[in-house]
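Chemist: Here it is: the structure, laid out below.
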Amino acid sequence: MRQNLFRAAGVLAAAAVVLAGCGEAGSSGTAAPPSAAAGGQGCAPVAGDKLVVLTDDKKLQNTDNVIPAINKKASSPELIAALDKVSAALDTAKLVELNKAVDVDRKSSKAAAQEFATANNLTAGLAKGAGGKITVGAANFSENATLGELYGIVLTAAGYTVKVQQIGNRELYEPALEKGEISVVPEYAATLATFLSGKVDKNAKDPSSSDLDATVASLKALGEKRGLVFGQASAAQDQNAFAVTTAFAEKYALTTLSDLASKCSGAATVLGGPAECPQRPKCQQGLVETYSFQAGRFDTLDAGGPLTKNALKQGTISVGLVFSSDGALAAG
């Protein structure tokens, strides 16, 4: 899975696994916590085959944009230019389609990456670097593996001899990147900034934010202390998001989380997500504090996984936590 709030501590904070339980509050079928007690009518779930993410118009989530992380000694202008070409071609919609190709259509990461590279003309006009061997590391979930293959394609075109190696979580691959055992990794700006900050100063304030420029500036400063440099951040984000069925969105005329809060706070609205969601600042707690959204009930499901998506489609929850680049958002 991906690298957001519910993946391992600072890396794959809970690579699609739910974190340690948070007690009885918010268990399936129970009322939402007191801070989110709902007083209005709300919006009952509406079943449907297609899902849509509501726009985070008040920027609750951090900027987990895809960004190349590079060992400083392995970097060169030509290498960074090749990686930046991938970043320039990527946005969240294209990342969703890449994930759909692998997770839904069952293509290999290598095949999906090659199709994307060809369609977006990624290898044209790349300057040749000094050559030599380059190892691209990737985390152990399909999206990151596909991004690693994309990096491998452009670096090969730039004259390098490339090996793409799927390694595991950030606690494994990031030290290898610092040591130069791997040269490049597809990363996520906000989550990596948080991770590196913990390595540099465990008492420091979390440098990640909803401001991409500020997050990347902090990331570069932290990277300088760990022997890392970074390419251009892409427009593609893999972050926590809240989805509804398109039928639900159409029935209640919703496009944003502000719409959800103003039109659907109330007893009939059911929020679904992982057990820790009611206590998490980027999940129900954040919806309450940032949007004044109040659900009538919280159902314990999973972190953007099949339980949550099936509950949305079957009409047992109104809104659920997903990940913004999930291939299912393209598949419907």
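Labeling convention for the structure tokens: chains A, B, ... as they appear, residues from 1 per chain, ligands from 1 in order of appearance.
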Please return as a PyMOL selection string: the residues of segment 8-204 of chain A that backbone DSSP assigns to helix (DSSP H, G or I).

Modeler: chain A and resi 34-36+72-74+77-89+92-104+109-119+142-157+170-179+189-200

Chemist: Enumerate, as a compact mmCIF listing (two decimals) with all heavy atoms, in the first residue's frame, the complete set of residues in segment 233-331 of chain A that a backbone-based DSSP assignment places in strand (DSSP E).

Modeler:
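What landed in out_32.txt:
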```txt
# COMPACT_ATOMS: atom_id res chain seq x y z
N ASN A 240 -4.58 10.62 1.92
CA ASN A 240 -5.90 10.29 2.42
C ASN A 240 -6.95 11.14 1.71
O ASN A 240 -6.72 12.32 1.42
CB ASN A 240 -5.99 10.56 3.92
CG ASN A 240 -5.04 9.68 4.71
OD1 ASN A 240 -4.80 8.54 4.35
ND2 ASN A 240 -4.50 10.21 5.78
N ALA A 241 -8.08 10.53 1.41
CA ALA A 241 -9.17 11.25 0.75
C ALA A 241 -10.49 10.64 1.21
O ALA A 241 -10.51 9.54 1.79
CB ALA A 241 -9.04 11.15 -0.77
N PHE A 242 -11.57 11.35 0.95
CA PHE A 242 -12.88 10.86 1.36
C PHE A 242 -13.75 10.72 0.12
O PHE A 242 -13.91 11.66 -0.66
CB PHE A 242 -13.52 11.79 2.38
CG PHE A 242 -12.77 11.80 3.69
CD1 PHE A 242 -11.78 12.75 3.92
CD2 PHE A 242 -13.00 10.83 4.64
CE1 PHE A 242 -11.06 12.74 5.09
CE2 PHE A 242 -12.27 10.81 5.82
CZ PHE A 242 -11.30 11.77 6.05
N ALA A 243 -14.28 9.52 -0.05
CA ALA A 243 -15.05 9.20 -1.25
C ALA A 243 -16.51 8.93 -0.92
O ALA A 243 -16.85 8.50 0.20
CB ALA A 243 -14.45 7.99 -1.96
N VAL A 244 -17.34 9.16 -1.91
CA VAL A 244 -18.76 8.80 -1.86
C VAL A 244 -19.09 8.15 -3.20
O VAL A 244 -18.29 8.19 -4.13
CB VAL A 244 -19.66 10.05 -1.64
CG1 VAL A 244 -19.34 10.70 -0.31
CG2 VAL A 244 -19.47 11.06 -2.77
N THR A 245 -20.24 7.55 -3.32
CA THR A 245 -20.65 7.07 -4.64
C THR A 245 -21.07 8.28 -5.48
O THR A 245 -21.49 9.31 -4.95
CB THR A 245 -21.83 6.09 -4.56
OG1 THR A 245 -22.97 6.76 -3.99
CG2 THR A 245 -21.47 4.86 -3.71
N GLY A 266 -25.27 15.19 10.23
CA GLY A 266 -26.53 14.78 10.81
C GLY A 266 -26.63 13.28 11.04
O GLY A 266 -25.73 12.52 10.68
N ALA A 267 -27.71 12.88 11.62
CA ALA A 267 -27.88 11.53 12.15
C ALA A 267 -27.84 10.44 11.08
O ALA A 267 -27.40 9.32 11.35
CB ALA A 267 -29.19 11.44 12.92
N ALA A 268 -28.30 10.73 9.87
CA ALA A 268 -28.38 9.68 8.84
C ALA A 268 -27.04 9.40 8.17
O ALA A 268 -26.89 8.39 7.47
CB ALA A 268 -29.41 10.08 7.78
N THR A 269 -26.05 10.26 8.38
CA THR A 269 -24.78 10.12 7.68
C THR A 269 -23.87 9.12 8.39
O THR A 269 -23.65 9.24 9.60
CB THR A 269 -24.06 11.48 7.59
OG1 THR A 269 -24.94 12.42 6.95
CG2 THR A 269 -22.77 11.37 6.79
N VAL A 270 -23.33 8.17 7.63
CA VAL A 270 -22.45 7.14 8.19
C VAL A 270 -21.07 7.30 7.57
O VAL A 270 -20.90 7.25 6.36
CB VAL A 270 -22.99 5.72 7.90
CG1 VAL A 270 -22.10 4.67 8.58
CG2 VAL A 270 -24.44 5.59 8.37
N LEU A 271 -20.08 7.49 8.43
CA LEU A 271 -18.68 7.58 8.00
C LEU A 271 -18.01 6.24 8.24
O LEU A 271 -18.18 5.62 9.29
CB LEU A 271 -17.96 8.67 8.81
CG LEU A 271 -16.44 8.79 8.63
CD1 LEU A 271 -16.09 9.21 7.22
CD2 LEU A 271 -15.86 9.78 9.65
N GLY A 272 -17.24 5.77 7.27
CA GLY A 272 -16.53 4.50 7.42
C GLY A 272 -15.04 4.67 7.24
O GLY A 272 -14.57 5.51 6.47
N GLY A 273 -14.27 3.86 7.96
CA GLY A 273 -12.82 3.91 7.85
C GLY A 273 -12.17 2.99 8.87
O GLY A 273 -12.86 2.19 9.52
N ALA A 295 -20.82 13.36 11.63
CA ALA A 295 -21.49 12.13 11.21
C ALA A 295 -22.39 11.61 12.32
O ALA A 295 -22.13 11.83 13.51
CB ALA A 295 -20.45 11.07 10.85
N GLY A 296 -23.43 10.92 11.91
CA GLY A 296 -24.31 10.32 12.91
C GLY A 296 -23.76 9.03 13.47
O GLY A 296 -24.04 8.67 14.62
N ARG A 297 -22.92 8.33 12.66
CA ARG A 297 -22.38 7.05 13.11
C ARG A 297 -21.05 6.81 12.40
O ARG A 297 -20.85 7.27 11.28
CB ARG A 297 -23.36 5.92 12.75
CG ARG A 297 -23.01 4.57 13.40
CD ARG A 297 -24.03 3.49 13.04
NE ARG A 297 -23.73 2.85 11.76
CZ ARG A 297 -24.62 2.58 10.82
NH1 ARG A 297 -25.88 2.93 10.98
NH2 ARG A 297 -24.26 1.99 9.69
N PHE A 298 -20.18 6.10 13.08
CA PHE A 298 -18.92 5.67 12.46
C PHE A 298 -18.89 4.15 12.42
O PHE A 298 -19.13 3.49 13.42
CB PHE A 298 -17.71 6.17 13.25
CG PHE A 298 -16.40 5.69 12.68
CD1 PHE A 298 -15.86 6.28 11.56
CD2 PHE A 298 -15.74 4.59 13.24
CE1 PHE A 298 -14.67 5.81 11.01
CE2 PHE A 298 -14.56 4.11 12.69
CZ PHE A 298 -14.02 4.73 11.57
N ASP A 299 -18.57 3.59 11.25
CA ASP A 299 -18.42 2.14 11.10
C ASP A 299 -16.95 1.80 10.92
O ASP A 299 -16.28 2.36 10.04
CB ASP A 299 -19.20 1.64 9.88
CG ASP A 299 -20.70 1.48 10.17
OD1 ASP A 299 -21.13 1.85 11.28
OD2 ASP A 299 -21.43 1.02 9.26
N THR A 300 -16.45 0.88 11.72
CA THR A 300 -15.07 0.43 11.59
C THR A 300 -14.94 -0.52 10.40
O THR A 300 -15.59 -1.56 10.36
CB THR A 300 -14.61 -0.28 12.87
OG1 THR A 300 -14.62 0.65 13.94
CG2 THR A 300 -13.20 -0.84 12.70
N VAL A 319 -19.93 7.96 3.44
CA VAL A 319 -18.63 8.49 3.02
C VAL A 319 -17.55 7.62 3.66
O VAL A 319 -17.71 7.14 4.79
CB VAL A 319 -18.49 9.98 3.42
CG1 VAL A 319 -18.69 10.19 4.91
CG2 VAL A 319 -17.15 10.56 2.96
N GLY A 320 -16.46 7.39 2.95
CA GLY A 320 -15.41 6.52 3.48
C GLY A 320 -14.02 7.02 3.15
O GLY A 320 -13.81 7.69 2.14
N LEU A 321 -13.07 6.68 4.02
CA LEU A 321 -11.68 7.01 3.78
C LEU A 321 -11.11 6.12 2.68
O LEU A 321 -11.23 4.89 2.75
CB LEU A 321 -10.85 6.81 5.04
CG LEU A 321 -9.36 7.10 4.82
CD1 LEU A 321 -9.06 8.57 5.06
CD2 LEU A 321 -8.48 6.24 5.70
N VAL A 322 -10.51 6.75 1.67
CA VAL A 322 -9.81 6.02 0.60
C VAL A 322 -8.47 6.69 0.42
O VAL A 322 -8.08 7.56 1.19
CB VAL A 322 -10.63 6.03 -0.71
CG1 VAL A 322 -11.95 5.32 -0.54
CG2 VAL A 322 -10.81 7.44 -1.23
N PHE A 323 -7.73 6.28 -0.61
CA PHE A 323 -6.49 6.95 -0.96
C PHE A 323 -6.66 7.57 -2.33
O PHE A 323 -7.26 6.97 -3.24
CB PHE A 323 -5.31 6.00 -0.90
CG PHE A 323 -5.09 5.45 0.48
CD1 PHE A 323 -5.31 4.12 0.77
CD2 PHE A 323 -4.71 6.31 1.51
CE1 PHE A 323 -5.14 3.64 2.07
CE2 PHE A 323 -4.53 5.83 2.80
CZ PHE A 323 -4.75 4.49 3.09
```

Chemist: For a quick check of understanding, using only C-alpha atoms, which of A:Asp201, A:Asp302, A:Glu178, A:Asp64 has the smallest distance to Pro274 of chain A?

Modeler: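 Of A:Asp201, A:Asp302, A:Glu178, A:Asp64, the one nearest Pro274 of chain A is A:Asp302, counting only C-alpha atoms.
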
Chemist: My list of candidates is A:Gly137, A:Gly227, A:Gly159, A:Pro306. Which is closest to Val184 of chain A when distances are computed with only C-alpha atoms?

Modeler: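 Comparing A:Gly137, A:Gly227, A:Gly159, A:Pro306 against Val184 of chain A, the winner is A:Gly137.
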
Chemist: Would you please work out which residue, of A:Thr156, A:Asn99, A:Gln166, A:Thr191, is nearest to Leu126 of chain A when using only C-alpha atoms?

Modeler: A:Thr156

Chemist: Would you work out the distance separating atom CA of Gly327 of chain A from atom CA of Gly148 of chain A, expressed in Å to one decimal?

Modeler: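 It comes out at 17.3 Å.
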
Chemist: When you count only C-alpha atoms, which of these residues is closest to Gly129 of chain A: A:Ser76, A:Ser218, A:Asn310, A:Gln294?

Modeler: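 The shortest atom-to-atom distance to Gly129 of chain A comes from A:Ser76.
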